[in-house]
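Student: Structure supplied as model.cif; contents: mmCIF, C-alpha atoms and all ligand atoms.
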```cif
data_coords
#
loop_
_atom_site.label_atom_id
_atom_site.label_comp_id
_atom_site.auth_asym_id
_atom_site.auth_seq_id
_atom_site.Cartn_x
_atom_site.Cartn_y
_atom_site.Cartn_z
CA MET A 1 0.00 0.00 0.00
CA THR A 2 1.36 3.39 -0.95
CA GLY A 3 -1.22 5.77 0.59
CA GLU A 4 -0.52 7.78 3.71
CA LEU A 5 -0.45 5.74 6.93
CA LEU A 6 -3.65 6.58 8.80
CA LEU A 7 -3.91 4.10 11.62
CA GLU A 8 -1.30 1.96 13.30
CA VAL A 9 -2.41 -0.38 16.05
CA LYS A 10 0.54 -1.73 18.04
CA ASP A 11 0.35 -4.70 20.39
CA LEU A 12 -3.17 -3.84 21.54
CA HIS A 13 -4.56 -5.72 24.54
CA VAL A 14 -8.11 -5.22 25.82
CA HIS A 15 -8.96 -7.37 28.82
CA PHE A 16 -12.21 -7.26 30.79
CA PRO A 17 -12.05 -8.50 34.37
CA THR A 18 -15.37 -10.26 35.16
CA PRO A 19 -16.57 -12.38 38.11
CA ASP A 20 -15.90 -15.51 35.99
CA GLY A 21 -12.37 -14.51 35.04
CA VAL A 22 -10.57 -12.12 32.71
CA VAL A 23 -12.02 -11.92 29.18
CA LYS A 24 -9.06 -11.46 26.84
CA ALA A 25 -11.09 -9.89 24.05
CA VAL A 26 -8.04 -8.51 22.24
CA ASP A 27 -4.67 -10.01 23.04
CA GLY A 28 -1.68 -8.57 21.24
CA LEU A 29 -3.04 -7.20 17.98
CA SER A 30 -1.03 -5.10 15.50
CA PHE A 31 -1.99 -3.78 12.06
CA LYS A 32 -1.79 -0.71 9.81
CA VAL A 33 -4.38 1.00 7.62
CA HIS A 34 -3.53 3.40 4.78
CA ARG A 35 -5.44 6.06 2.90
CA GLY A 36 -7.08 4.66 -0.22
CA GLU A 37 -7.46 1.10 1.03
CA THR A 38 -10.26 -0.94 2.49
CA PHE A 39 -8.83 -3.01 5.31
CA GLY A 40 -11.00 -6.04 6.03
CA ILE A 41 -11.08 -7.60 9.50
CA VAL A 42 -12.64 -11.06 9.38
CA GLY A 43 -13.36 -13.65 12.04
CA GLU A 44 -16.14 -15.65 13.62
CA SER A 45 -18.46 -13.98 16.07
CA GLY A 46 -16.73 -13.38 19.41
CA SER A 47 -13.21 -13.06 17.97
CA GLY A 48 -12.75 -9.50 19.25
CA LYS A 49 -13.48 -7.50 16.09
CA SER A 50 -15.94 -5.04 17.63
CA VAL A 51 -13.89 -4.56 20.78
CA THR A 52 -10.90 -3.66 18.56
CA ASN A 53 -13.00 -1.11 16.70
CA LEU A 54 -14.62 0.36 19.81
CA THR A 55 -11.23 0.70 21.48
CA ALA A 56 -9.88 2.54 18.46
CA LEU A 57 -12.86 4.89 18.65
CA GLY A 58 -12.38 5.44 22.38
CA LEU A 59 -15.78 3.92 23.08
CA ILE A 60 -14.61 1.26 25.53
CA ASP A 61 -15.28 2.03 29.17
CA ARG A 62 -11.75 2.34 30.53
CA GLU A 63 -13.02 1.78 34.09
CA LYS A 64 -14.13 -1.72 33.10
CA ALA A 65 -11.34 -2.69 30.72
CA ARG A 66 -7.59 -3.05 31.01
CA VAL A 67 -6.19 -1.58 27.82
CA SER A 68 -2.55 -1.52 26.74
CA GLY A 69 -0.67 -0.92 23.50
CA GLU A 70 -0.94 1.97 21.08
CA VAL A 71 -3.59 3.15 18.64
CA LEU A 72 -1.81 5.76 16.53
CA PHE A 73 -4.24 7.70 14.37
CA MET A 74 -2.52 10.18 12.07
CA GLY A 75 0.40 10.18 14.48
CA ARG A 76 -1.51 10.62 17.76
CA ASP A 77 -2.06 7.83 20.28
CA LEU A 78 -5.83 7.74 20.76
CA LEU A 79 -5.40 5.75 23.96
CA LYS A 80 -3.71 8.76 25.54
CA LEU A 81 -6.33 11.38 24.61
CA SER A 82 -8.87 12.78 27.06
CA ALA A 83 -12.58 12.19 26.51
CA GLY A 84 -12.92 15.74 25.16
CA GLU A 85 -9.99 15.39 22.74
CA LEU A 86 -11.39 12.08 21.52
CA ARG A 87 -14.77 13.61 20.82
CA LYS A 88 -13.04 16.12 18.56
CA VAL A 89 -11.44 13.31 16.55
CA ARG A 90 -14.45 11.01 16.51
CA GLY A 91 -17.10 11.86 13.98
CA LYS A 92 -14.68 14.20 12.27
CA ASP A 93 -11.37 12.72 11.04
CA LEU A 94 -12.40 9.28 12.24
CA SER A 95 -16.00 8.18 11.85
CA MET A 96 -18.04 5.03 12.02
CA ILE A 97 -20.86 3.09 10.43
CA PHE A 98 -22.62 0.50 12.57
CA GLN A 99 -24.57 -2.64 11.75
CA ASP A 100 -28.00 -1.45 12.68
CA PRO A 101 -28.90 1.99 11.34
CA PHE A 102 -32.29 1.84 13.04
CA ALA A 103 -30.56 1.79 16.40
CA CYS A 104 -28.51 4.86 15.49
CA LEU A 105 -31.22 6.98 13.87
CA HIS A 106 -33.73 8.49 16.25
CA PRO A 107 -37.26 7.49 15.15
CA PHE A 108 -38.86 10.85 16.06
CA TYR A 109 -36.58 13.15 14.07
CA ARG A 110 -36.35 13.70 10.33
CA VAL A 111 -33.38 11.96 8.70
CA GLY A 112 -32.12 15.22 7.22
CA ASP A 113 -32.23 17.02 10.56
CA GLN A 114 -30.24 14.23 12.19
CA ILE A 115 -27.51 14.53 9.59
CA ALA A 116 -27.60 18.32 10.02
CA GLU A 117 -27.11 17.77 13.75
CA ALA A 118 -24.00 15.68 13.02
CA ILE A 119 -22.62 18.54 10.92
CA LEU A 120 -23.25 21.09 13.67
CA CYS A 121 -21.41 18.92 16.22
CA HIS A 122 -18.09 19.91 14.69
CA ALA A 123 -18.75 22.98 12.56
CA GLU A 124 -20.49 26.30 12.79
CA MET A 125 -22.55 26.95 9.70
CA ASP A 126 -25.73 28.82 8.90
CA LYS A 127 -28.95 26.83 8.42
CA ARG A 128 -29.10 27.14 4.65
CA ARG A 129 -25.57 25.93 4.13
CA VAL A 130 -26.09 23.01 6.51
CA LYS A 131 -29.19 21.93 4.63
CA ALA A 132 -27.41 22.22 1.29
CA ARG A 133 -24.59 20.09 2.64
CA VAL A 134 -27.00 17.41 3.89
CA ILE A 135 -28.71 17.27 0.50
CA GLU A 136 -25.35 17.06 -1.22
CA MET A 137 -24.37 14.13 1.02
CA LEU A 138 -27.71 12.29 0.58
CA ASP A 139 -27.18 12.64 -3.14
CA ALA A 140 -23.57 11.39 -2.87
CA VAL A 141 -24.72 8.17 -1.21
CA GLY A 142 -27.34 7.50 -3.87
CA ILE A 143 -30.57 8.57 -2.17
CA PRO A 144 -33.00 9.62 -4.90
CA ASN A 145 -34.85 12.97 -4.60
CA PRO A 146 -32.69 14.10 -1.68
CA GLU A 147 -34.60 17.40 -1.28
CA SER A 148 -37.84 15.65 -0.41
CA ARG A 149 -36.17 12.70 1.31
CA TYR A 150 -34.57 15.20 3.70
CA ARG A 151 -37.92 15.58 5.43
CA ASP A 152 -38.67 11.86 5.83
CA TYR A 153 -38.56 10.01 9.14
CA PRO A 154 -36.35 6.89 9.44
CA HIS A 155 -39.30 4.49 9.13
CA GLN A 156 -40.08 5.97 5.71
CA TYR A 157 -36.69 4.80 4.46
CA SER A 158 -35.98 1.20 3.42
CA GLY A 159 -33.24 -0.71 5.30
CA GLY A 160 -30.74 -0.04 2.54
CA MET A 161 -31.61 3.67 2.46
CA ARG A 162 -31.21 3.96 6.21
CA GLN A 163 -27.75 2.46 5.88
CA ARG A 164 -27.01 4.96 3.08
CA ALA A 165 -28.11 7.78 5.39
CA MET A 166 -25.74 6.49 8.08
CA ILE A 167 -22.94 6.46 5.55
CA ALA A 168 -23.79 10.05 4.60
CA MET A 169 -23.62 10.97 8.28
CA ALA A 170 -20.20 9.33 8.60
CA LEU A 171 -18.92 11.40 5.67
CA VAL A 172 -20.14 14.90 6.49
CA HIS A 173 -16.81 16.10 7.91
CA ASN A 174 -14.58 14.59 5.21
CA PRO A 175 -13.06 11.97 7.51
CA ALA A 176 -9.70 10.36 6.77
CA LEU A 177 -10.80 6.96 8.05
CA VAL A 178 -14.22 5.32 8.34
CA ILE A 179 -14.74 2.20 10.43
CA ALA A 180 -17.69 0.08 9.31
CA ASP A 181 -18.63 -2.69 11.74
CA GLU A 182 -20.75 -5.35 10.00
CA PRO A 183 -22.42 -2.65 7.87
CA THR A 184 -24.35 -5.13 5.73
CA THR A 185 -25.14 -7.92 8.19
CA ALA A 186 -28.68 -6.68 8.87
CA LEU A 187 -29.50 -6.31 5.15
CA ASP A 188 -30.71 -8.81 2.57
CA VAL A 189 -28.26 -10.07 -0.02
CA THR A 190 -29.03 -7.76 -2.95
CA VAL A 191 -29.04 -4.67 -0.76
CA GLN A 192 -25.81 -5.91 0.84
CA ALA A 193 -24.10 -5.88 -2.53
CA GLN A 194 -25.31 -2.32 -3.24
CA ILE A 195 -24.04 -1.03 0.11
CA LEU A 196 -20.65 -2.69 -0.42
CA GLU A 197 -20.46 -1.10 -3.84
CA LEU A 198 -21.29 2.25 -2.26
CA ILE A 199 -18.59 1.85 0.40
CA ASP A 200 -16.11 1.01 -2.34
CA ARG A 201 -17.15 4.06 -4.35
CA ILE A 202 -16.97 6.54 -1.48
CA LYS A 203 -13.55 5.15 -0.57
CA LYS A 204 -12.38 6.12 -4.06
CA ASP A 205 -14.36 9.37 -4.46
CA PHE A 206 -13.37 10.75 -1.05
CA ASN A 207 -9.92 9.12 -1.01
CA ILE A 208 -10.32 7.78 2.50
CA GLY A 209 -9.29 4.64 4.35
CA VAL A 210 -11.99 2.16 5.36
CA ILE A 211 -11.89 -0.58 7.99
CA LEU A 212 -14.53 -3.13 7.08
CA ILE A 213 -15.34 -5.53 9.90
CA THR A 214 -17.28 -8.66 9.06
CA HIS A 215 -17.74 -12.31 9.97
CA ASP A 216 -18.22 -13.01 6.24
CA LEU A 217 -15.11 -13.64 4.18
CA GLY A 218 -17.21 -13.23 1.03
CA VAL A 219 -17.77 -9.57 1.92
CA VAL A 220 -14.06 -8.72 2.14
CA ALA A 221 -13.30 -10.75 -0.98
CA ASP A 222 -15.31 -8.23 -3.00
CA VAL A 223 -14.08 -4.90 -1.68
CA ALA A 224 -11.02 -5.15 0.58
CA GLN A 225 -7.44 -4.59 -0.58
CA SER A 226 -5.95 -5.93 2.66
CA VAL A 227 -7.31 -8.57 4.99
CA MET A 228 -6.63 -9.50 8.59
CA VAL A 229 -8.07 -12.81 9.76
CA MET A 230 -8.74 -12.69 13.50
CA TYR A 231 -9.04 -15.60 15.88
CA ALA A 232 -9.56 -15.41 19.64
CA GLY A 233 -8.51 -11.78 19.90
CA ARG A 234 -5.35 -12.20 17.82
CA GLY A 235 -4.29 -11.93 14.21
CA ALA A 236 -4.05 -15.31 12.45
CA GLU A 237 -3.06 -13.98 9.02
CA LEU A 238 -2.58 -10.55 7.47
CA GLY A 239 -1.92 -9.62 3.87
CA ALA A 240 -3.04 -8.25 0.55
CA ARG A 241 -6.47 -9.58 -0.42
CA ASP A 242 -5.21 -11.52 -3.44
CA ARG A 243 -2.49 -13.19 -1.43
CA VAL A 244 -4.76 -14.19 1.43
CA PHE A 245 -7.33 -15.62 -0.98
CA ASN A 246 -4.92 -17.31 -3.39
CA GLN A 247 -2.22 -18.49 -1.03
CA PRO A 248 -3.73 -18.56 2.46
CA LEU A 249 -1.21 -19.68 5.07
CA HIS A 250 -3.22 -20.35 8.23
CA PRO A 251 -5.39 -23.46 8.70
CA TYR A 252 -8.08 -21.23 10.22
CA SER A 253 -8.18 -19.18 7.01
CA TRP A 254 -8.46 -22.43 5.03
CA GLY A 255 -11.45 -23.35 7.14
CA LEU A 256 -13.08 -19.97 6.60
CA LEU A 257 -12.48 -20.14 2.84
CA GLU A 258 -13.95 -23.63 2.61
CA SER A 259 -17.03 -22.62 4.53
CA ILE A 260 -18.11 -19.80 2.17
CA PRO A 261 -20.14 -20.50 -0.97
CA GLN A 262 -18.30 -19.59 -4.17
CA ILE A 263 -20.49 -18.02 -6.77
CA ASP A 264 -18.44 -19.28 -9.71
CA GLN A 265 -18.19 -22.85 -8.42
CA LYS A 266 -21.72 -24.14 -7.97
CA GLY A 267 -20.85 -27.69 -6.97
CA THR A 268 -18.36 -26.78 -4.29
CA ARG A 269 -18.80 -28.65 -1.05
CA LEU A 270 -19.07 -26.36 1.96
CA VAL A 271 -17.11 -27.65 4.90
CA PRO A 272 -17.81 -26.00 8.21
CA ILE A 273 -14.89 -25.65 10.63
CA GLU A 274 -15.28 -28.27 13.33
CA GLY A 275 -15.75 -27.21 16.91
CA ALA A 276 -16.50 -23.76 18.25
CA PRO A 277 -14.35 -20.70 18.98
CA PRO A 278 -12.88 -20.81 22.49
CA SER A 279 -14.12 -18.87 25.46
CA LEU A 280 -11.95 -15.78 25.71
CA ILE A 281 -11.65 -16.44 29.44
CA HIS A 282 -10.00 -19.81 28.85
CA VAL A 283 -8.04 -19.28 25.66
CA PRO A 284 -6.10 -22.47 24.79
CA LYS A 285 -2.38 -22.31 25.50
CA GLY A 286 -0.02 -22.10 22.54
CA CYS A 287 -1.89 -21.47 19.29
CA PRO A 288 -5.50 -20.66 20.25
CA PHE A 289 -6.74 -22.55 17.16
CA HIS A 290 -4.88 -25.80 17.91
CA PRO A 291 -7.82 -27.74 19.45
CA ARG A 292 -9.76 -27.28 16.17
CA CYS A 293 -6.81 -27.61 13.81
CA PRO A 294 -6.54 -30.82 11.77
CA HIS A 295 -2.82 -30.12 11.15
CA ARG A 296 -1.66 -29.45 14.71
CA PHE A 297 1.65 -30.97 15.76
CA GLU A 298 4.11 -30.94 18.60
CA PRO A 299 4.66 -27.22 19.49
CA CYS A 300 1.10 -26.04 18.83
CA ASP A 301 -0.33 -26.62 22.31
CA LYS A 302 2.71 -25.06 24.01
CA GLU A 303 4.18 -22.17 22.03
CA ARG A 304 2.15 -19.18 20.97
CA PRO A 305 2.93 -18.37 17.33
CA ASP A 306 3.34 -14.63 16.67
CA LEU A 307 1.90 -12.98 13.59
CA VAL A 308 5.07 -12.51 11.52
CA ASP A 309 6.26 -13.21 7.99
CA ARG A 310 7.49 -16.80 8.15
CA GLY A 311 8.65 -16.88 4.56
CA GLY A 312 5.19 -17.10 3.04
CA GLY A 313 5.26 -13.54 1.66
CA HIS A 314 2.84 -12.13 4.24
CA PRO A 315 2.50 -12.54 8.02
CA ASP A 316 0.79 -15.56 9.54
CA ALA A 317 0.64 -17.07 13.01
CA CYS A 318 1.04 -20.81 12.42
CA HIS A 319 3.93 -23.13 13.34
CA LEU A 320 3.72 -25.28 10.17
CA SER A 321 6.64 -24.87 7.76
CA ILE A 322 6.03 -22.90 4.61
CA GLU A 323 6.46 -26.05 2.49
CA ASP A 324 3.82 -27.86 4.55
CA LYS A 325 1.45 -24.89 4.30
CA LYS A 326 1.73 -24.75 0.52
CA ARG A 327 1.37 -28.52 0.14
CA LEU A 328 -1.59 -28.82 2.53
CA TRP A 329 -3.44 -25.91 0.89
CA ASP A 330 -2.84 -27.35 -2.60
CA GLU A 331 -4.15 -30.73 -1.43
CA ARG A 332 -7.27 -29.14 0.03
CA GLU A 333 -7.80 -27.15 -3.16
CA SER A 334 -7.54 -30.20 -5.41
CA ARG A 335 -9.88 -32.18 -3.17
CA ARG A 336 -12.36 -29.32 -3.51
CA SER A 337 -12.10 -29.07 -7.27
CA LYS A 338 -12.66 -32.87 -7.56
CA VAL A 339 -15.99 -32.43 -5.85
CA ILE A 340 -16.95 -29.88 -8.50
CA ALA A 341 -15.81 -31.99 -11.49
N1 LIG A 401 -17.77 -4.98 28.22
C1 LIG A 401 -17.41 -6.28 28.14
N2 LIG A 401 -17.19 -7.02 29.25
C2 LIG A 401 -16.83 -8.31 29.17
N3 LIG A 401 -16.64 -8.98 28.01
C3 LIG A 401 -16.85 -8.30 26.87
C4 LIG A 401 -17.24 -6.93 26.86
N4 LIG A 401 -17.38 -6.51 25.58
C5 LIG A 401 -17.06 -7.60 24.81
N5 LIG A 401 -16.76 -8.67 25.58
C6 LIG A 401 -16.35 -10.00 25.13
O1 LIG A 401 -15.27 -9.85 24.23
C7 LIG A 401 -15.28 -10.86 23.26
C8 LIG A 401 -15.15 -10.26 21.87
O2 LIG A 401 -16.34 -9.58 21.54
P1 LIG A 401 -16.55 -8.78 20.19
O3 LIG A 401 -15.38 -7.91 19.94
O4 LIG A 401 -17.87 -8.14 20.29
O5 LIG A 401 -16.57 -9.95 19.10
P2 LIG A 401 -16.93 -9.85 17.54
O6 LIG A 401 -17.22 -8.43 17.20
O7 LIG A 401 -15.72 -10.40 16.84
O8 LIG A 401 -18.10 -10.75 17.36
C9 LIG A 401 -16.58 -11.64 23.46
O9 LIG A 401 -16.26 -12.82 24.15
C10 LIG A 401 -17.42 -10.70 24.30
O10 LIG A 401 -18.29 -11.42 25.10
MG MG A 402 -18.96 -7.57 16.42
#
```
Can I see the file as structure tokens?
Tutor:
Amino acid sequence: MTGELLLEVKDLHVHFPTPDGVVKAVDGLSFKVHRGETFGIVGESGSGKSVTNLTALGLIDREKARVSGEVLFMGRDLLKLSAGELRKVRGKDLSMIFQDPFACLHPFYRVGDQIAEAILCHAEMDKRRVKARVIEMLDAVGIPNPESRYRDYPHQYSGGMRQRAMIAMALVHNPALVIADEPTTALDVTVQAQILELIDRIKKDFNIGVILITHDLGVVADVAQSVMVMYAGRGAELGARDRVFNQPLHPYSWGLLESIPQIDQKGTRLVPIEGAPPSLIHVPKGCPFHPRCPHRFEPCDKERPDLVDRGGGHPDACHLSIEDKKRLWDERESRRSKVIA
């Protein structure tokens, strides 16, 4: 990636002490996001994706969580900012799109007025200019007849249009980075595709960075340029989209890839990953994936593999040798294509 470095997360830990034990929601996570790229974070539910995003946005209650590491956004460590300083960053240079737009839009206020409110949070502008800006943004996210749609209430919008309105709201202050947490999960498949297309287009038109968080590898396959696969609060694999999809290095990524339907390969057998993700209170020793891994061997239940480049061309956190990784993935691929033939 050549764009300006926007976000650098370094060795982030977010632990929640609870009566049952410490929940290690994020446990040593590092990654970088650049301007002009969509950075996909993928993992099963409960792998720590949302906690990562909420920590970056300063929305984790620091009284209840033990947080360490660095979250450098355009050079400043967000973990060191006061609540007031964070509010200035959030919604302006750094903004967010959540899964459920209904939960974020107030039912009693007109959509346009709510976006206007978001503008006035960070800027002083006269009424006419604010309204013009809202209409411009509604138009930019593909809402037809934005002048009349301005006056609608959220329930008068379809699900996809509500998500478009949320995206407009995230863009009003020309952010550098937008974090979208499962932005399409609540939508049906055709609308999902339109929203992903929109996110891809605004990334280009506004030249911003996007973090796209999803449990669905198919979603990042379409729009992300970089992908981080997360497992049990850690990074399992991190690389350019094409590399992660064509030469995945971690057995967990293989499992994820084999459990998504491929549009171009109708007969492909879908193989779910056996077992369930671990409790983040009792994370297995060594590699957290080892109890579910069909390729585990001697060091896997003892030594924790770091996420580093092990000769595979991009970082992965698996003890297997590069030769074994390539051979095992090729074998799995040929087994899959036999099912299709
Ligand atoms: N405030 C909290 N207190 C205790 N545990 C939490 C809290 N917030 C999240 N968790 C736990 O952290 C883990 C990761 O959650 P989350 O980041 O929401 O997963 P994901 O978004 O990948 O589905 C889960 O086990 C969740 O129960
Ligand atoms: Mg989540």
Student: Please list as JSON, numbers by chain every residue within 12 Å of region 180-191 of chain A, counting all atoms listed in the file and excluding residues in the same chain fewer than 4 positions away.
Tutor: {"A": [38, 39, 40, 41, 42, 43, 44, 45, 48, 49, 50, 51, 52, 53, 54, 57, 94, 95, 96, 97, 98, 99, 100, 101, 102, 103, 158, 159, 160, 161, 162, 163, 164, 166, 167, 170, 171, 195, 196, 197, 198, 199, 200, 203, 209, 210, 211, 212, 213, 214, 215, 216, 217, 218, 219, 220]}
Student: Filtering to C-alpha atoms, could you give me those residues as a PDB file, keeping the file's coordinate frame?
Tutor:
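Generated file (result.pdb):
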```
ATOM      1  CA  THR A  38     -10.260  -0.940   2.490  1.00  0.00           C
ATOM      2  CA  PHE A  39      -8.830  -3.010   5.310  1.00  0.00           C
ATOM      3  CA  GLY A  40     -11.000  -6.040   6.030  1.00  0.00           C
ATOM      4  CA  ILE A  41     -11.080  -7.600   9.500  1.00  0.00           C
ATOM      5  CA  VAL A  42     -12.640 -11.060   9.380  1.00  0.00           C
ATOM      6  CA  GLY A  43     -13.360 -13.650  12.040  1.00  0.00           C
ATOM      7  CA  GLU A  44     -16.140 -15.650  13.620  1.00  0.00           C
ATOM      8  CA  SER A  45     -18.460 -13.980  16.070  1.00  0.00           C
ATOM      9  CA  GLY A  48     -12.750  -9.500  19.250  1.00  0.00           C
ATOM     10  CA  LYS A  49     -13.480  -7.500  16.090  1.00  0.00           C
ATOM     11  CA  SER A  50     -15.940  -5.040  17.630  1.00  0.00           C
ATOM     12  CA  VAL A  51     -13.890  -4.560  20.780  1.00  0.00           C
ATOM     13  CA  THR A  52     -10.900  -3.660  18.560  1.00  0.00           C
ATOM     14  CA  ASN A  53     -13.000  -1.110  16.700  1.00  0.00           C
ATOM     15  CA  LEU A  54     -14.620   0.360  19.810  1.00  0.00           C
ATOM     16  CA  LEU A  57     -12.860   4.890  18.650  1.00  0.00           C
ATOM     17  CA  LEU A  94     -12.400   9.280  12.240  1.00  0.00           C
ATOM     18  CA  SER A  95     -16.000   8.180  11.850  1.00  0.00           C
ATOM     19  CA  MET A  96     -18.040   5.030  12.020  1.00  0.00           C
ATOM     20  CA  ILE A  97     -20.860   3.090  10.430  1.00  0.00           C
ATOM     21  CA  PHE A  98     -22.620   0.500  12.570  1.00  0.00           C
ATOM     22  CA  GLN A  99     -24.570  -2.640  11.750  1.00  0.00           C
ATOM     23  CA  ASP A 100     -28.000  -1.450  12.680  1.00  0.00           C
ATOM     24  CA  PRO A 101     -28.900   1.990  11.340  1.00  0.00           C
ATOM     25  CA  PHE A 102     -32.290   1.840  13.040  1.00  0.00           C
ATOM     26  CA  ALA A 103     -30.560   1.790  16.400  1.00  0.00           C
ATOM     27  CA  SER A 158     -35.980   1.200   3.420  1.00  0.00           C
ATOM     28  CA  GLY A 159     -33.240  -0.710   5.300  1.00  0.00           C
ATOM     29  CA  GLY A 160     -30.740  -0.040   2.540  1.00  0.00           C
ATOM     30  CA  MET A 161     -31.610   3.670   2.460  1.00  0.00           C
ATOM     31  CA  ARG A 162     -31.210   3.960   6.210  1.00  0.00           C
ATOM     32  CA  GLN A 163     -27.750   2.460   5.880  1.00  0.00           C
ATOM     33  CA  ARG A 164     -27.010   4.960   3.080  1.00  0.00           C
ATOM     34  CA  MET A 166     -25.740   6.490   8.080  1.00  0.00           C
ATOM     35  CA  ILE A 167     -22.940   6.460   5.550  1.00  0.00           C
ATOM     36  CA  ALA A 170     -20.200   9.330   8.600  1.00  0.00           C
ATOM     37  CA  LEU A 171     -18.920  11.400   5.670  1.00  0.00           C
ATOM     38  CA  ILE A 195     -24.040  -1.030   0.110  1.00  0.00           C
ATOM     39  CA  LEU A 196     -20.650  -2.690  -0.420  1.00  0.00           C
ATOM     40  CA  GLU A 197     -20.460  -1.100  -3.840  1.00  0.00           C
ATOM     41  CA  LEU A 198     -21.290   2.250  -2.260  1.00  0.00           C
ATOM     42  CA  ILE A 199     -18.590   1.850   0.400  1.00  0.00           C
ATOM     43  CA  ASP A 200     -16.110   1.010  -2.340  1.00  0.00           C
ATOM     44  CA  LYS A 203     -13.550   5.150  -0.570  1.00  0.00           C
ATOM     45  CA  GLY A 209      -9.290   4.640   4.350  1.00  0.00           C
ATOM     46  CA  VAL A 210     -11.990   2.160   5.360  1.00  0.00           C
ATOM     47  CA  ILE A 211     -11.890  -0.580   7.990  1.00  0.00           C
ATOM     48  CA  LEU A 212     -14.530  -3.130   7.080  1.00  0.00           C
ATOM     49  CA  ILE A 213     -15.340  -5.530   9.900  1.00  0.00           C
ATOM     50  CA  THR A 214     -17.280  -8.660   9.060  1.00  0.00           C
ATOM     51  CA  HIS A 215     -17.740 -12.310   9.970  1.00  0.00           C
ATOM     52  CA  ASP A 216     -18.220 -13.010   6.240  1.00  0.00           C
ATOM     53  CA  LEU A 217     -15.110 -13.640   4.180  1.00  0.00           C
ATOM     54  CA  GLY A 218     -17.210 -13.230   1.030  1.00  0.00           C
ATOM     55  CA  VAL A 219     -17.770  -9.570   1.920  1.00  0.00           C
ATOM     56  CA  VAL A 220     -14.060  -8.720   2.140  1.00  0.00           C
TER      57      VAL A 220
END
```
Student: Looking at all atoms listed in the file, which of A:Gln156, A:Asn207, A:Ser148, A:Ser82 is the one that sits closest to Gly3 (chain A)?
Tutor: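 Closest candidate: A:Asn207.
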Student: For Glu323 (chain A), find every residue with an atom within 10 Å (counting all atoms listed in the file), except residues of its own chain fewer than 3 positions away, and show them as number ranges by chain.
Tutor: A: 311-312, 320, 326-328
Student: Given the choices A:Pro248, A:Ile281, A:His173, A:Phe73, which gets closest to Pro19 (chain A) if the distance is worked out from all atoms listed in the file?
Tutor: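 Among the listed residues, the smallest separation from Pro19 (chain A) belongs to A:Ile281.
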Student: If you measure from atom C6 of ligand LIG 401 (chain A) to CA of Gly46 (chain A), what distance in Å do you get, rounded to one decimal?
Tutor: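 For atom C6 of ligand LIG 401 (chain A) relative to CA of Gly46 (chain A), the distance reads 6.7 Å.
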Student: Provide the CA of Val308 (chain A) to CA of His250 (chain A) distance in Å, to one decimal place.
Tutor: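 Distance between the two atoms: 11.9 Å.
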Student: So, counting all atoms listed in the file, which residue among A:Glu303, A:Glu8, A:Asp222, A:Asp242 is closest to Asp77 (chain A)?
Tutor: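 Comparing A:Glu303, A:Glu8, A:Asp222, A:Asp242 against Asp77 (chain A), the winner is A:Glu8.
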Student: Please compute the CA of Ala236 (chain A)-CA of Leu249 (chain A) distance, one decimal, in Å.
Tutor: 9.0 Å
Student: Let me make sure I understand: among A:Gly75, A:Pro278, A:Pro107, A:Gly91, which one has the smallest atom-to-atom distance to ligand LIG 401 (chain A) if we use all atoms listed in the file?
Tutor: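 Of A:Gly75, A:Pro278, A:Pro107, A:Gly91, the one nearest ligand LIG 401 (chain A) is A:Pro278, counting all atoms listed in the file.
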Student: Find the axis-aligned box for ligand LIG 401 (chain A), covering all its listed atoms and adding 6 Å on each side, and write its centre and edge lengths in Å to one decimal as JSON.
Tutor:
```
{"center_x": -16.7, "center_y": -8.9, "center_z": 23.0, "size_x": 15.1, "size_y": 19.8, "size_z": 24.4}
```
Student: When distances are computed from only C-alpha atoms and all ligand atoms, which of A:Gly58, A:Gly142, A:Pro277, A:Pro251 shows the smallest separation from ligand LIG 401 (chain A)?
Tutor: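 Going through A:Gly58, A:Gly142, A:Pro277, A:Pro251 one by one, the smallest distance to ligand LIG 401 (chain A) is for A:Pro277.
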